[in-house]
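File shown: work-v5.tsv (TSV, C-alpha atoms).
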chain	number	residue	atom	x	y	z
Q	1	MET	CA	50.13	3.90	17.79
Q	2	ARG	CA	50.30	2.14	14.41
Q	3	ILE	CA	50.66	-1.64	14.57
Q	4	LEU	CA	51.41	-4.23	11.92
Q	5	ILE	CA	49.77	-7.62	12.55
Q	6	VAL	CA	51.50	-10.46	10.67
Q	7	GLU	CA	49.12	-13.38	10.87
Q	8	ASP	CA	48.08	-15.85	8.13
Q	9	GLU	CA	44.76	-16.83	9.74
Q	10	TRP	CA	42.47	-14.03	8.59
Q	11	GLU	CA	39.82	-14.57	11.25
Q	12	VAL	CA	42.41	-14.33	14.02
Q	13	ALA	CA	44.06	-11.31	12.42
Q	14	THR	CA	40.79	-9.39	12.06
Q	15	LEU	CA	39.79	-10.18	15.66
Q	16	ILE	CA	43.10	-8.72	16.86
Q	17	GLU	CA	42.73	-5.75	14.53
Q	18	THR	CA	39.20	-5.01	15.80
Q	19	GLY	CA	40.26	-5.36	19.42
Q	20	LEU	CA	43.21	-3.01	18.96
Q	21	GLU	CA	41.07	-0.43	17.22
Q	22	ASP	CA	38.66	-0.55	20.18
Q	23	TYR	CA	41.61	0.61	22.29
Q	24	GLY	CA	42.31	3.47	19.90
Q	25	PHE	CA	45.19	1.89	17.97
Q	26	THR	CA	45.57	1.78	14.19
Q	27	ALA	CA	46.32	-1.67	12.81
Q	28	ASP	CA	47.23	-3.15	9.42
Q	29	ILE	CA	47.31	-6.84	8.52
Q	30	ALA	CA	49.88	-8.81	6.52
Q	31	GLY	CA	49.16	-12.45	5.74
Q	32	ASP	CA	52.72	-13.56	5.10
Q	33	ALA	CA	56.35	-12.44	5.18
Q	34	LYS	CA	56.34	-10.96	1.69
Q	35	GLU	CA	53.29	-8.78	2.38
Q	36	ALA	CA	54.77	-7.75	5.73
Q	37	GLN	CA	58.01	-6.62	4.08
Q	38	LEU	CA	56.07	-4.60	1.51
Q	39	LYS	CA	54.05	-2.86	4.22
Q	40	LEU	CA	57.17	-2.11	6.24
Q	41	ALA	CA	58.72	-0.51	3.16
Q	42	GLU	CA	55.67	1.71	2.68
Q	43	THR	CA	54.60	2.57	6.24
Q	44	GLU	CA	56.30	3.48	9.51
Q	45	TYR	CA	55.07	1.27	12.33
Q	46	ASP	CA	55.44	1.64	16.08
Q	47	ILE	CA	55.31	-2.09	16.79
Q	48	ILE	CA	54.85	-5.46	15.10
Q	49	ILE	CA	52.70	-8.37	16.29
Q	50	LEU	CA	54.18	-11.44	14.63
Q	51	ASP	CA	52.86	-14.99	14.36
Q	52	VAL	CA	55.38	-17.84	14.16
Q	53	ASN	CA	53.55	-20.28	11.88
Q	54	LEU	CA	53.57	-18.34	8.62
Q	55	PRO	CA	53.58	-19.85	5.11
Q	56	VAL	CA	56.88	-20.10	3.15
Q	57	ILE	CA	58.95	-17.97	5.57
Q	58	SER	CA	58.50	-18.64	9.28
Q	59	GLY	CA	57.91	-15.94	11.84
Q	60	PHE	CA	61.34	-16.63	13.33
Q	61	ASP	CA	63.07	-16.00	9.99
Q	62	LEU	CA	60.92	-12.94	9.30
Q	63	CYS	CA	61.79	-11.60	12.74
Q	64	ARG	CA	65.51	-11.87	11.88
Q	65	MET	CA	64.93	-10.05	8.59
Q	66	ILE	CA	63.03	-7.25	10.29
Q	67	ARG	CA	65.59	-6.93	13.06
Q	68	SER	CA	68.43	-6.61	10.54
Q	69	ARG	CA	66.69	-3.56	9.02
Q	70	PHE	CA	64.96	-2.05	12.04
Q	71	GLU	CA	67.24	-2.38	15.05
Q	72	THR	CA	64.92	-0.95	17.71
Q	73	LEU	CA	61.44	-1.57	16.24
Q	74	PRO	CA	59.56	-3.52	18.96
Q	75	ILE	CA	58.44	-7.00	17.91
Q	76	LEU	CA	55.95	-9.03	19.94
Q	77	MET	CA	55.53	-12.67	18.92
Q	78	LEU	CA	51.98	-13.91	19.37
Q	79	THR	CA	51.69	-17.65	18.78
Q	80	ALA	CA	50.27	-20.96	19.96
Q	81	LEU	CA	53.81	-22.33	20.35
Q	82	GLY	CA	54.26	-22.02	24.08
Q	83	ASN	CA	57.12	-24.40	24.81
Q	84	THR	CA	60.42	-23.07	26.14
Q	85	ASP	CA	62.39	-23.88	22.98
Q	86	SER	CA	60.00	-21.84	20.84
Q	87	LYS	CA	60.22	-18.90	23.22
Q	88	LEU	CA	64.01	-19.04	23.20
Q	89	ASN	CA	64.00	-19.24	19.40
Q	90	GLY	CA	61.82	-16.14	19.34
Q	91	PHE	CA	64.11	-14.18	21.62
Q	92	ASP	CA	67.14	-15.39	19.67
Q	93	ALA	CA	65.54	-14.15	16.45
Q	94	GLY	CA	65.25	-10.67	17.95
Q	95	ALA	CA	61.74	-10.57	19.42
Q	96	ASP	CA	61.24	-8.20	22.35
Q	97	ASP	CA	58.34	-10.10	23.90
Q	98	TYR	CA	56.47	-13.38	23.45
Q	99	LEU	CA	52.81	-13.98	24.22
Q	100	VAL	CA	51.14	-17.38	23.90
Q	101	LYS	CA	47.66	-17.98	22.46
Q	102	PRO	CA	45.08	-18.06	23.87
Q	103	PHE	CA	45.67	-14.79	25.68
Q	104	GLU	CA	43.78	-12.09	27.54
Q	105	PHE	CA	43.43	-8.99	25.39
Q	106	ARG	CA	44.19	-6.67	28.28
Q	107	GLU	CA	47.56	-8.37	28.69
Q	108	LEU	CA	48.33	-7.95	25.00
Q	109	VAL	CA	47.49	-4.24	25.20
Q	110	ALA	CA	49.56	-3.82	28.38
Q	111	ARG	CA	52.56	-5.43	26.72
Q	112	LEU	CA	52.20	-3.29	23.58
Q	113	ARG	CA	51.97	-0.09	25.59
Q	114	ALA	CA	54.96	-1.05	27.71
Q	115	LEU	CA	57.07	-1.85	24.64
Q	116	THR	CA	56.33	1.39	22.82
Q	117	ARG	CA	56.54	3.57	25.92
Q	118	ARG	CA	59.95	2.22	26.78
Q	119	ASN	CA	61.12	2.64	23.19
Q	120	ALA	CA	60.42	6.39	23.23
Q	121	ALA	CA	63.48	8.62	23.70
Q	122	PRO	CA	63.34	10.46	27.05
Q	123	SER	CA	64.10	14.12	27.42
Q	124	VAL	CA	66.84	14.30	30.03
Q	125	GLU	CA	69.59	16.74	30.92
Q	126	ASN	CA	72.29	14.09	30.96
Q	127	PRO	CA	71.25	11.23	28.67
Q	128	ILE	CA	74.35	9.11	29.33
Q	129	LEU	CA	74.16	6.20	31.77
Q	130	LYS	CA	77.52	4.59	32.50
Q	131	ILE	CA	79.26	1.83	34.42
Q	132	ALA	CA	82.91	0.88	33.89
Q	133	ASP	CA	83.46	1.30	30.13
Q	134	LEU	CA	79.80	0.63	29.21
Q	135	GLU	CA	77.66	3.59	28.11
Q	136	LEU	CA	73.99	3.92	27.18
Q	137	ASN	CA	72.70	7.08	25.54
Q	138	GLN	CA	69.04	7.25	26.50
Q	139	GLN	CA	68.16	9.68	23.71
Q	140	SER	CA	69.88	8.07	20.74
Q	141	LYS	CA	69.35	4.54	22.12
Q	142	THR	CA	72.98	3.68	21.37
Q	143	VAL	CA	75.15	1.44	23.49
Q	144	LYS	CA	78.89	1.00	23.44
Q	145	ARG	CA	81.46	-0.78	25.53
Q	146	GLY	CA	84.88	0.74	25.18
Q	147	ASN	CA	85.13	1.64	21.50
Q	148	GLN	CA	82.75	-1.11	20.37
Q	149	LYS	CA	79.15	-0.31	19.45
Q	150	LEU	CA	76.65	-2.91	20.68
Q	151	MET	CA	73.37	-3.70	18.92
Q	152	LEU	CA	70.49	-4.29	21.35
Q	153	THR	CA	66.79	-4.86	20.80
Q	154	ALA	CA	64.23	-2.48	22.29
Q	155	ARG	CA	63.55	-4.79	25.24
Q	156	GLU	CA	67.26	-5.36	25.89
Q	157	LEU	CA	67.76	-1.59	25.94
Q	158	THR	CA	65.00	-1.22	28.50
Q	159	LEU	CA	66.49	-3.95	30.67
Q	160	LEU	CA	69.97	-2.43	30.45
Q	161	GLU	CA	68.61	1.01	31.35
Q	162	PHE	CA	66.92	-0.43	34.45
Q	163	PHE	CA	70.12	-2.14	35.54
Q	164	LEU	CA	72.16	1.03	34.98
Q	165	LYS	CA	69.73	3.11	37.03
Q	166	ASN	CA	69.97	0.58	39.86
Q	167	GLN	CA	73.70	-0.15	39.98
Q	168	ASN	CA	74.95	-2.07	43.03
Q	169	LYS	CA	71.38	-2.94	44.03
Q	170	ALA	CA	70.07	-6.50	44.26
Q	171	LEU	CA	67.03	-6.79	41.96
Q	172	SER	CA	64.51	-9.60	42.20
Q	173	ARG	CA	62.92	-11.11	39.12
Q	174	ASN	CA	59.57	-9.66	40.20
Q	175	GLU	CA	61.08	-6.16	40.42
Q	176	ILE	CA	62.59	-6.51	36.97
Q	177	MET	CA	59.30	-7.78	35.53
Q	178	ALA	CA	57.34	-4.93	37.10
Q	179	HIS	CA	59.68	-2.15	35.94
Q	180	VAL	CA	60.91	-3.45	32.59
Q	181	TRP	CA	57.72	-5.12	31.36
Q	182	GLU	CA	55.42	-2.96	33.48
Q	183	LEU	CA	53.43	-6.07	34.33
Q	184	ASN	CA	52.54	-6.89	37.92
Q	185	PHE	CA	51.27	-10.42	37.36
Q	186	ASP	CA	52.94	-13.76	36.72
Q	187	THR	CA	53.44	-14.32	32.99
Q	188	GLY	CA	54.20	-18.00	33.51
Q	189	THR	CA	57.55	-17.77	31.71
Q	190	ASN	CA	61.22	-17.39	32.53
Q	191	VAL	CA	61.32	-14.29	30.35
Q	192	VAL	CA	63.45	-12.30	32.81
Q	193	ASP	CA	66.18	-14.96	32.91
Q	194	VAL	CA	66.08	-15.29	29.13
Q	195	TYR	CA	66.56	-11.56	28.56
Q	196	VAL	CA	69.28	-11.27	31.18
Q	197	ASN	CA	71.16	-14.09	29.46
Q	198	TYR	CA	70.83	-12.43	26.07
Q	199	LEU	CA	71.93	-9.10	27.48
Q	200	ARG	CA	74.92	-10.74	29.13
Q	201	LYS	CA	76.01	-12.23	25.82
Q	202	LYS	CA	76.10	-8.78	24.29
Q	203	ILE	CA	77.59	-6.63	27.06
Q	204	ASP	CA	79.62	-9.11	29.12
Q	205	LYS	CA	80.70	-12.15	27.11
Q	206	ASP	CA	83.79	-10.64	25.45
Q	207	PHE	CA	84.55	-7.96	28.04
Q	208	THR	CA	85.95	-7.44	31.52
Q	209	PRO	CA	84.97	-6.72	34.14
Q	210	LYS	CA	81.68	-8.62	34.08
Q	211	LEU	CA	78.78	-6.33	34.93
Q	212	ILE	CA	75.67	-8.50	35.47
Q	213	HIS	CA	75.90	-10.96	38.35
Q	214	THR	CA	73.46	-13.60	39.61
Q	215	ILE	CA	72.42	-13.54	43.26
Q	216	SER	CA	71.25	-17.02	44.21
Q	217	GLY	CA	67.67	-17.07	45.47
Q	218	ILE	CA	67.13	-13.37	44.74
Q	219	GLY	CA	67.82	-12.28	41.18
Q	220	TYR	CA	70.54	-10.10	39.68
Q	221	ILE	CA	72.82	-7.17	40.39
Q	222	MET	CA	74.82	-4.85	38.13
Q	223	GLN	CA	78.22	-3.91	39.47
Q	224	ALA	CA	81.68	-3.50	37.99
Q	225	THR	CA	83.35	-6.44	39.75
Q	226	ASP	CA	83.98	-9.99	38.66
Q	227	ASP	CA	82.31	-12.91	40.47
Let me see the file written as structure tokens.
Amino acid sequence: MRILIVEDEWEVATLIETGLEDYGFTADIAGDAKEAQLKLAETEYDIIILDVNLPVISGFDLCRMIRSRFETLPILMLTALGNTDSKLNGFDAGADDYLVKPFEFRELVARLRALTRRNAAPSVENPILKIADLELNQQSKTVKRGNQKLMLTARELTLLEFFLKNQNKALSRNEIMAHVWELNFDTGTNVVDVYVNYLRKKIDKDFTPKLIHTISGIGYIMQATDD
């Protein structure tokens, strides 16, 4: 796995780089948005670790730039900004995950592995998952509703795939966290609700019937009926 670390504090960046290499990963460092864009033009990366507080161009803006060019490249924001607004800004910019400093390195590695594993195209006999007029091709990672192509991030694709494979089944937030993030411990965030809301905006907002429904006190369910 080749990882690009975008972090302006060199000591922090090198500590992350060394830790990742201890786990067998290959990591490069970019100190700002300009250097990150140059490296992305020269090298193919499996995932990006992105700080928010970068000089000149913020991590949020850089995330939007990257997402506009690399639709499914996983982006994990790693920052000291742990308030809800910052997390929502990160997700809105196109980040697939958000981890707050200080962090446990084993959690960072678990999140990276989960992101890249889920982004890999599976080999399946019938790659099409479908409900109503919504289709997900698991091999090409393309999504369409009716005749309209929908652009989803890597994490949104993973969440949609999980919903499609569990149609008409009530899913708790803990179940979603365990299967989509592959993490079996409390992350201390409302990340599941955030991603469900973003997914809804893309697959449900301008379409009928609505497909993702909230079950009070439990979680969510995907079914082709309106509330």
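With only C-alpha atoms as the basis for measurement, Q:Leu76 is the residue among Q:Val180, Q:Leu76, Q:Leu81, Q:Leu164 that approaches Val109 (chain Q) most closely.
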- Task: Write out as a ChimeraX atom specification the residues lying within 8 Å of region 67-72 of chain Q, counting only C-alpha atoms and excluding same-chain residues fewer than 4 positions away.
- Result: /Q:63,93-94,119,151-154
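For the residues Q:Ile215, Q:Leu150, Q:Ile47, Q:Leu99, ranking by smallest atom-to-atom distance to Ile5 (chain Q) using only C-alpha atoms places Q:Ile47 first.
With distances taken over all atoms listed in the file, Q:Leu112 is the one residue among Q:Tyr45, Q:Leu112, Q:Gly59, Q:Leu73 lying closest to Tyr23 (chain Q).
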- Query: What is the CA of Asp8 (chain Q) to CA of Trp181 (chain Q) distance in Å?
  - Reply: 27.3 Å
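Across the model, the gap from CA of Val196 (chain Q) to CA of Ser172 (chain Q) is 12.1 Å.
For the residues Q:Ala224, Q:Leu4, Q:Leu40, Q:Leu159, ranking by smallest atom-to-atom distance to Leu134 (chain Q) using all atoms listed in the file places Q:Ala224 first.
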- Task: List every protein, DNA or RNA residue that has an atom no more than 8 Å from (77.3, -5.7, 39.8) in the file's coordinate frame, counting only C-alpha atoms, and report them as a PyMOL selection string.
- Result: chain Q and resi 167-169+210-213+221-225
Please complete region 201-226 of chain Q so it has N, CA and C atoms, and hand it over as a PDB file, keeping the file's coordinate frame.
ATOM      1  N   LYS Q 201      75.240 -11.838  26.988  1.00  0.00           N
ATOM      2  CA  LYS Q 201      76.010 -12.230  25.820  1.00  0.00           C
ATOM      3  C   LYS Q 201      76.516 -11.025  25.043  1.00  0.00           C
ATOM      4  N   LYS Q 202      75.732  -9.955  25.071  1.00  0.00           N
ATOM      5  CA  LYS Q 202      76.100  -8.780  24.290  1.00  0.00           C
ATOM      6  C   LYS Q 202      77.012  -7.817  25.037  1.00  0.00           C
ATOM      7  N   ILE Q 203      76.804  -7.656  26.343  1.00  0.00           N
ATOM      8  CA  ILE Q 203      77.590  -6.630  27.060  1.00  0.00           C
ATOM      9  C   ILE Q 203      78.696  -7.201  27.925  1.00  0.00           C
ATOM     10  N   ASP Q 204      78.655  -8.520  28.190  1.00  0.00           N
ATOM     11  CA  ASP Q 204      79.620  -9.110  29.120  1.00  0.00           C
ATOM     12  C   ASP Q 204      80.520 -10.184  28.529  1.00  0.00           C
ATOM     13  N   LYS Q 205      80.012 -10.939  27.566  1.00  0.00           N
ATOM     14  CA  LYS Q 205      80.700 -12.150  27.110  1.00  0.00           C
ATOM     15  C   LYS Q 205      82.160 -11.905  26.739  1.00  0.00           C
ATOM     16  N   ASP Q 206      82.438 -10.890  25.961  1.00  0.00           N
ATOM     17  CA  ASP Q 206      83.790 -10.640  25.450  1.00  0.00           C
ATOM     18  C   ASP Q 206      84.489  -9.483  26.147  1.00  0.00           C
ATOM     19  N   PHE Q 207      84.001  -9.135  27.354  1.00  0.00           N
ATOM     20  CA  PHE Q 207      84.550  -7.960  28.040  1.00  0.00           C
ATOM     21  C   PHE Q 207      84.856  -8.261  29.503  1.00  0.00           C
ATOM     22  N   THR Q 208      85.706  -7.446  30.076  1.00  0.00           N
ATOM     23  CA  THR Q 208      85.950  -7.440  31.520  1.00  0.00           C
ATOM     24  C   THR Q 208      85.983  -5.993  31.993  1.00  0.00           C
ATOM     25  N   PRO Q 209      85.541  -5.728  33.226  1.00  0.00           N
ATOM     26  CA  PRO Q 209      84.970  -6.720  34.140  1.00  0.00           C
ATOM     27  C   PRO Q 209      83.542  -7.100  33.752  1.00  0.00           C
ATOM     28  N   LYS Q 210      83.063  -8.233  34.283  1.00  0.00           N
ATOM     29  CA  LYS Q 210      81.680  -8.620  34.080  1.00  0.00           C
ATOM     30  C   LYS Q 210      80.784  -7.672  34.880  1.00  0.00           C
ATOM     31  N   LEU Q 211      79.626  -7.349  34.310  1.00  0.00           N
ATOM     32  CA  LEU Q 211      78.780  -6.330  34.930  1.00  0.00           C
ATOM     33  C   LEU Q 211      77.477  -6.878  35.537  1.00  0.00           C
ATOM     34  N   ILE Q 212      76.921  -7.934  34.956  1.00  0.00           N
ATOM     35  CA  ILE Q 212      75.670  -8.500  35.470  1.00  0.00           C
ATOM     36  C   ILE Q 212      75.985  -9.782  36.224  1.00  0.00           C
ATOM     37  N   HIS Q 213      75.579  -9.825  37.488  1.00  0.00           N
ATOM     38  CA  HIS Q 213      75.900 -10.960  38.350  1.00  0.00           C
ATOM     39  C   HIS Q 213      74.613 -11.563  38.910  1.00  0.00           C
ATOM     40  N   THR Q 214      74.607 -12.887  39.033  1.00  0.00           N
ATOM     41  CA  THR Q 214      73.460 -13.600  39.610  1.00  0.00           C
ATOM     42  C   THR Q 214      73.577 -13.660  41.120  1.00  0.00           C
ATOM     43  N   ILE Q 215      72.482 -13.389  41.807  1.00  0.00           N
ATOM     44  CA  ILE Q 215      72.420 -13.540  43.260  1.00  0.00           C
ATOM     45  C   ILE Q 215      71.472 -14.701  43.543  1.00  0.00           C
ATOM     46  N   SER Q 216      72.030 -15.806  43.996  1.00  0.00           N
ATOM     47  CA  SER Q 216      71.250 -17.020  44.210  1.00  0.00           C
ATOM     48  C   SER Q 216      70.061 -16.762  45.136  1.00  0.00           C
ATOM     49  N   GLY Q 217      68.877 -17.194  44.679  1.00  0.00           N
ATOM     50  CA  GLY Q 217      67.670 -17.070  45.470  1.00  0.00           C
ATOM     51  C   GLY Q 217      67.032 -15.697  45.442  1.00  0.00           C
ATOM     52  N   ILE Q 218      67.680 -14.732  44.780  1.00  0.00           N
ATOM     53  CA  ILE Q 218      67.130 -13.370  44.740  1.00  0.00           C
ATOM     54  C   ILE Q 218      66.892 -12.909  43.310  1.00  0.00           C
ATOM     55  N   GLY Q 219      67.959 -12.787  42.531  1.00  0.00           N
ATOM     56  CA  GLY Q 219      67.820 -12.280  41.180  1.00  0.00           C
ATOM     57  C   GLY Q 219      69.175 -11.881  40.617  1.00  0.00           C
ATOM     58  N   TYR Q 220      69.329 -10.578  40.345  1.00  0.00           N
ATOM     59  CA  TYR Q 220      70.540 -10.100  39.680  1.00  0.00           C
ATOM     60  C   TYR Q 220      70.997  -8.764  40.259  1.00  0.00           C
ATOM     61  N   ILE Q 221      72.266  -8.459  39.995  1.00  0.00           N
ATOM     62  CA  ILE Q 221      72.820  -7.170  40.390  1.00  0.00           C
ATOM     63  C   ILE Q 221      73.807  -6.704  39.327  1.00  0.00           C
ATOM     64  N   MET Q 222      73.827  -5.411  39.045  1.00  0.00           N
ATOM     65  CA  MET Q 222      74.820  -4.850  38.130  1.00  0.00           C
ATOM     66  C   MET Q 222      75.881  -4.114  38.941  1.00  0.00           C
ATOM     67  N   GLN Q 223      77.098  -4.581  38.810  1.00  0.00           N
ATOM     68  CA  GLN Q 223      78.220  -3.910  39.470  1.00  0.00           C
ATOM     69  C   GLN Q 223      79.496  -4.257  38.719  1.00  0.00           C
ATOM     70  N   ALA Q 224      80.458  -3.364  38.782  1.00  0.00           N
ATOM     71  CA  ALA Q 224      81.680  -3.500  37.990  1.00  0.00           C
ATOM     72  C   ALA Q 224      82.746  -4.293  38.737  1.00  0.00           C
ATOM     73  N   THR Q 225      82.383  -5.520  39.133  1.00  0.00           N
ATOM     74  CA  THR Q 225      83.350  -6.440  39.750  1.00  0.00           C
ATOM     75  C   THR Q 225      83.090  -7.821  39.234  1.00  0.00           C
ATOM     76  N   ASP Q 226      84.134  -8.613  39.095  1.00  0.00           N
ATOM     77  CA  ASP Q 226      83.980  -9.990  38.660  1.00  0.00           C
ATOM     78  C   ASP Q 226      83.477 -10.855  39.803  1.00  0.00           C
TER      79      ASP Q 226
END
